[in-house]
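Everything on this sheet refers to the single structure shown next.
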Amino acid sequence: MSKVPIRFSSEGSTGEYRPEPSEIEVPRLDGAGIDGIEPAEDLGRSEHLKAVRAGEVGSIHSWELVTAVDGPGTRMTTFFSGCPLRCVYCHNPDTLQMRDGTAVTAEALLKKIKRYRAVFRTSGGGVTFSGGEPLFQPAFLAHLLRECKKLGIHTAIDTSGFLGAALTDEMMENLDLVLLDVKSGISETYKRTTDRELEPTLRFGKRLSDAGKPIWVRFVLVPGWTDAPENVEAVADIVAKWKSVERVEVLPFHQMARDKWDNLGLEYQLEAVEPPSKEATEQVREVFRARGLLTF
């Protein structure tokens with residue numbers, strides 16, 4: 001099955017990429033909502049697009065409460081729908097299309113977030129906006145970050161950095177932590193693995209570093225795809241230049257998402273790929289540690 005194309009408008013004067021209007025389709029509207037978050041009202045396509053552009057409505061796949069996974073403390077991780085990358089090892093292929101999510105208002109989502117403020121305070125946690133790609137819906141993300149900051153809630157985004165130009169200075173101020181997925185250090189490998197270019201992530205990482213914004217780097221170790229020694233060394237060299245990196249997480253590839261790909265009828269290229277051994281994973285971690293990086 002061929003990959004679903006994602007098209008972008010021409011890069012504007014701000015350098016911000018935006019999805020074409022054809023990609024911003026009205027997501028599901030149903031009475032169930034998402035685990036206690038009521039769906040947005042059916043506004044019709046025209047009014048829906050206006051609400052999306054204003055950051056009042058977004059497309060959400062799901063959310064979960066996790067501890068010590070997507071940032072410090074106990075966190076409410078919210079998965080946005082829509083992503084410009086097509087990673088061969090994507091763990092959430094059901095979040096790739098914005099139109100496949102459920103339309104929710106920022107107000108409804110924030111109402112849910114507020115319920116966990118005591119948990120966040122006690123655990124030193126907060127909210128993490130993941131996906132998909134949260135920067136695929138920059139106006140909605142900006143609204144949520146701004147309101148969470150007013151509430152004194154620690155904020156984080158989990159991003160590939162490909163759409164880093166969409167993160168405005170205001171959003172940066174309302175953001176406490178960036179979980180940055182550096183998927184490769186070699187352009188050709190990045191393109192083969194994600195169907196996108198590496199350079200936007202490099203620019204984003206440098207911008208975060210220059211601003212002193214805390215970064216937790218994530219690197220997925222996929223045998224036959226990202227584990228070549230020269231690629232690992234390249235990733236480590238890149239990350240070592242970013243002074244605000246607090247830690248690196250080397251994540252061994254697993255097959256837990258295989259059923260999702262099958263259920264979606266998508267071609268899965270990693271059927272025969274075995275997860276890396278503990279020894280191989282630890283060897284890669286040592287490459288990062290050799291550059292003085294706290295690595296897990």
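Order determines the names: the first chain of the structure tokens is A, the second B, and so forth; residues in each chain are numbered 1 upward, and ligands are numbered 1 upward as they are shown.
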Notebook entry, point to check: What's the 9 Å shell around Ala236 in chain A, counting only C-alpha atoms, without same-chain residues fewer than 6 positions away, as number ranges by chain?
Noted result: A: 185, 287-289, 291, 293
Check: Could you write out, as a list in words, all the residues of range 134-261 of chain A that DSSP marks as strand (DSSP E)?
Finding: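 Answer for range 134-261 of chain A, restricted to strand (DSSP E): His154, Thr155, Ala156, Ile157, Asp158, Thr159, Leu177, Val178, Leu179, Leu180, Asp181, Ile215, Trp216, Val217, Arg218, Phe219, Val220, Leu221, Val245, Glu246, Arg247, Val248, Glu249, Val250, Leu251 and Pro252 of chain A.
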Next item on the list: Write out as a list in words which residues come within 12 Å of Leu110 in chain A when counting only C-alpha atoms, dropping same-chain ones fewer than 6 positions away.
Entry: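 In the requested form, the answer reads Gly36, Ile37, Glu38, Glu56, Val57, Met76, Thr78, Val104, Tyr116, Arg117, Val127, Phe140, Leu141, His143, Leu144, Leu145, Arg146, Glu147, Cys148, Lys149, Lys150, Leu151 and Ile153 of chain A.
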Same residues, C-alpha atoms, output as an mmCIF file, in the first residue's frame:
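New file again_22.cif:
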data_model
loop_
_atom_site.group_PDB
_atom_site.id
_atom_site.type_symbol
_atom_site.label_atom_id
_atom_site.label_comp_id
_atom_site.auth_asym_id
_atom_site.auth_seq_id
_atom_site.Cartn_x
_atom_site.Cartn_y
_atom_site.Cartn_z
ATOM 1 C CA GLY A 36 -14.541 11.784 29.569
ATOM 2 C CA ILE A 37 -13.703 14.660 27.219
ATOM 3 C CA GLU A 38 -16.797 15.797 25.355
ATOM 4 C CA GLU A 56 -10.339 26.796 19.782
ATOM 5 C CA VAL A 57 -10.803 23.277 18.379
ATOM 6 C CA MET A 76 -1.367 13.590 31.408
ATOM 7 C CA THR A 78 -2.450 13.942 25.220
ATOM 8 C CA VAL A 104 -12.537 18.558 20.941
ATOM 9 C CA TYR A 116 -5.217 16.478 37.829
ATOM 10 C CA ARG A 117 -3.573 19.619 39.193
ATOM 11 C CA VAL A 127 0.990 17.721 30.823
ATOM 12 C CA PHE A 140 -4.526 24.662 19.263
ATOM 13 C CA LEU A 141 -1.230 23.818 20.946
ATOM 14 C CA HIS A 143 -3.912 27.897 23.261
ATOM 15 C CA LEU A 144 -3.326 24.905 25.525
ATOM 16 C CA LEU A 145 0.211 25.900 26.485
ATOM 17 C CA ARG A 146 -0.895 29.430 27.341
ATOM 18 C CA GLU A 147 -3.760 28.298 29.558
ATOM 19 C CA CYS A 148 -1.745 25.553 31.256
ATOM 20 C CA LYS A 149 0.957 28.075 32.098
ATOM 21 C CA LYS A 150 -1.675 30.350 33.673
ATOM 22 C CA LEU A 151 -2.679 27.392 35.842
ATOM 23 C CA ILE A 153 1.052 23.388 35.225
#
Would you mind listing, for every residue of range 126-175 of chain A within 8 Å of range 190-210 of chain A, the two atoms forming the shortest contact and the distance between them in Å to one decimal, using only C-alpha atoms, sorted by chain and ascending residue number, as a tab-separated table?
residue	atom	partner	partner_atom	distance
A:Ser160	CA	A:Thr201	CA	6.7
A:Gly161	CA	A:Thr201	CA	4.5
A:Phe162	CA	A:Thr201	CA	5.0
A:Leu163	CA	A:Pro200	CA	7.1
A:Gly164	CA	A:Phe204	CA	5.3
A:Ala165	CA	A:Phe204	CA	7.2
Check: Residues at most 6 Å from Thr74 in chain A, counting only C-alpha atoms, excluding those fewer than 6 positions away in the same chain, as a PyMOL selection string?
Finding: chain A and resi 66-67+123+125
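The space separating CA of Val250 in chain A from CA of Glu282 in chain A comes to 8.6 Å.
Near Gln97 in chain A, within 7 Å and counting only C-alpha atoms, sit Ser81, Gly82 and Cys83 of chain A, not including residues fewer than 4 positions from it in the same chain.
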Next item on the list: Run DSSP on the backbone and grab whatever in range 139-207 of chain A lands in helix (DSSP H, G or I); send it over as a ChimeraX atom specification.
Entry: /A:139-150,164-166,169-173,187-194,199-207
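Taking CA of Ala106 in chain A and CA of Asp94 in chain A as endpoints, the distance between them is 21.5 Å.
The space separating CA of Met172 in chain A from CA of Ser184 in chain A comes to 24.2 Å.
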Next item on the list: Show which residues sit within 7 Å of Val248 in chain A, as a PyMOL selection string. Count only C-alpha atoms, and ignore same-chain residues fewer than 6 positions away.
Entry: chain A and resi 216-218+293-296
Let's have the selection written as an mmCIF file, in the first residue's frame, with N, CA, C and O atoms.
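Final file, selection04.cif:
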data_model
loop_
_atom_site.group_PDB
_atom_site.id
_atom_site.type_symbol
_atom_site.label_atom_id
_atom_site.label_comp_id
_atom_site.auth_asym_id
_atom_site.auth_seq_id
_atom_site.Cartn_x
_atom_site.Cartn_y
_atom_site.Cartn_z
ATOM 1 N N TRP A 216 14.982 16.861 26.362
ATOM 2 C CA TRP A 216 15.232 15.437 26.568
ATOM 3 C C TRP A 216 15.231 14.807 25.176
ATOM 4 O O TRP A 216 14.216 14.824 24.482
ATOM 5 N N VAL A 217 16.368 14.324 24.762
ATOM 6 C CA VAL A 217 16.483 13.722 23.432
ATOM 7 C C VAL A 217 16.049 12.264 23.481
ATOM 8 O O VAL A 217 16.378 11.529 24.414
ATOM 9 N N ARG A 218 15.322 11.851 22.443
ATOM 10 C CA ARG A 218 14.942 10.453 22.281
ATOM 11 C C ARG A 218 15.480 9.941 20.951
ATOM 12 O O ARG A 218 15.355 10.606 19.922
ATOM 13 N N LEU A 293 26.994 13.019 28.032
ATOM 14 C CA LEU A 293 25.544 13.134 28.086
ATOM 15 C C LEU A 293 24.943 12.109 29.041
ATOM 16 O O LEU A 293 25.281 10.920 28.977
ATOM 17 N N LEU A 294 24.080 12.573 29.930
ATOM 18 C CA LEU A 294 23.352 11.670 30.817
ATOM 19 C C LEU A 294 22.435 10.823 29.955
ATOM 20 O O LEU A 294 21.529 11.357 29.285
ATOM 21 N N THR A 295 22.626 9.527 29.956
ATOM 22 C CA THR A 295 21.925 8.664 28.992
ATOM 23 C C THR A 295 21.280 7.478 29.681
ATOM 24 O O THR A 295 21.870 6.846 30.567
ATOM 25 N N PHE A 296 20.061 7.199 29.249
ATOM 26 C CA PHE A 296 19.292 6.065 29.782
ATOM 27 C C PHE A 296 18.926 5.111 28.661
ATOM 28 O O PHE A 296 18.808 5.499 27.513
#
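Shortest atom-to-atom contact with Asp181 in chain A among A:Ala139, A:Ala118, A:Ala290, A:Ile157: A:Ile157, counting only C-alpha atoms.
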Find the spatial neighbours of Trp225 in chain A, counting only C-alpha atoms, within a cut-off of 12 Å - ignore same-chain residues fewer than 5 positions away - and output them as a CSV table (one decimal) with C-alpha atoms, in the first residue's frame.
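Heads up, here's the output in around.csv:
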chain,number,residue,atom,x,y,z
A,87,CYS,CA,8.3,6.8,10.1
A,88,VAL,CA,8.7,3.1,9.2
A,89,TYR,CA,8.7,2.2,12.9
A,183,LYS,CA,15.5,9.9,14.5
A,184,SER,CA,18.9,10.0,12.6
A,185,GLY,CA,22.1,11.9,12.3
A,186,ILE,CA,22.6,11.3,8.6
A,188,GLU,CA,20.0,10.0,3.9
A,189,THR,CA,19.1,7.7,6.8
A,190,TYR,CA,16.6,10.2,8.1
A,191,LYS,CA,14.9,10.5,4.7
A,192,ARG,CA,14.8,6.7,4.3
A,193,THR,CA,13.3,6.3,7.8
A,194,THR,CA,10.8,9.1,7.9
A,220,VAL,CA,14.9,4.9,18.7
A,230,GLU,CA,28.2,6.0,11.8
A,231,ASN,CA,24.6,7.0,12.2
A,232,VAL,CA,24.7,6.6,16.0
A,253,PHE,CA,12.7,-0.8,18.8
A,269,GLN,CA,8.2,-2.8,6.5
A,270,LEU,CA,9.6,-4.1,9.8
A,273,VAL,CA,13.0,-6.9,12.4
A,274,GLU,CA,14.0,-8.2,15.8
A,275,PRO,CA,14.4,-5.8,18.7
A,276,PRO,CA,18.0,-4.9,19.5
Check: Which residue out of A:Glu41, A:Glu47, A:Glu133, A:Asp70 has the minimum interatomic distance to Ala166 in chain A when only C-alpha atoms are used?
Finding: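 Ranking A:Glu41, A:Glu47, A:Glu133, A:Asp70 by distance to Ala166 in chain A, first place goes to A:Glu133.
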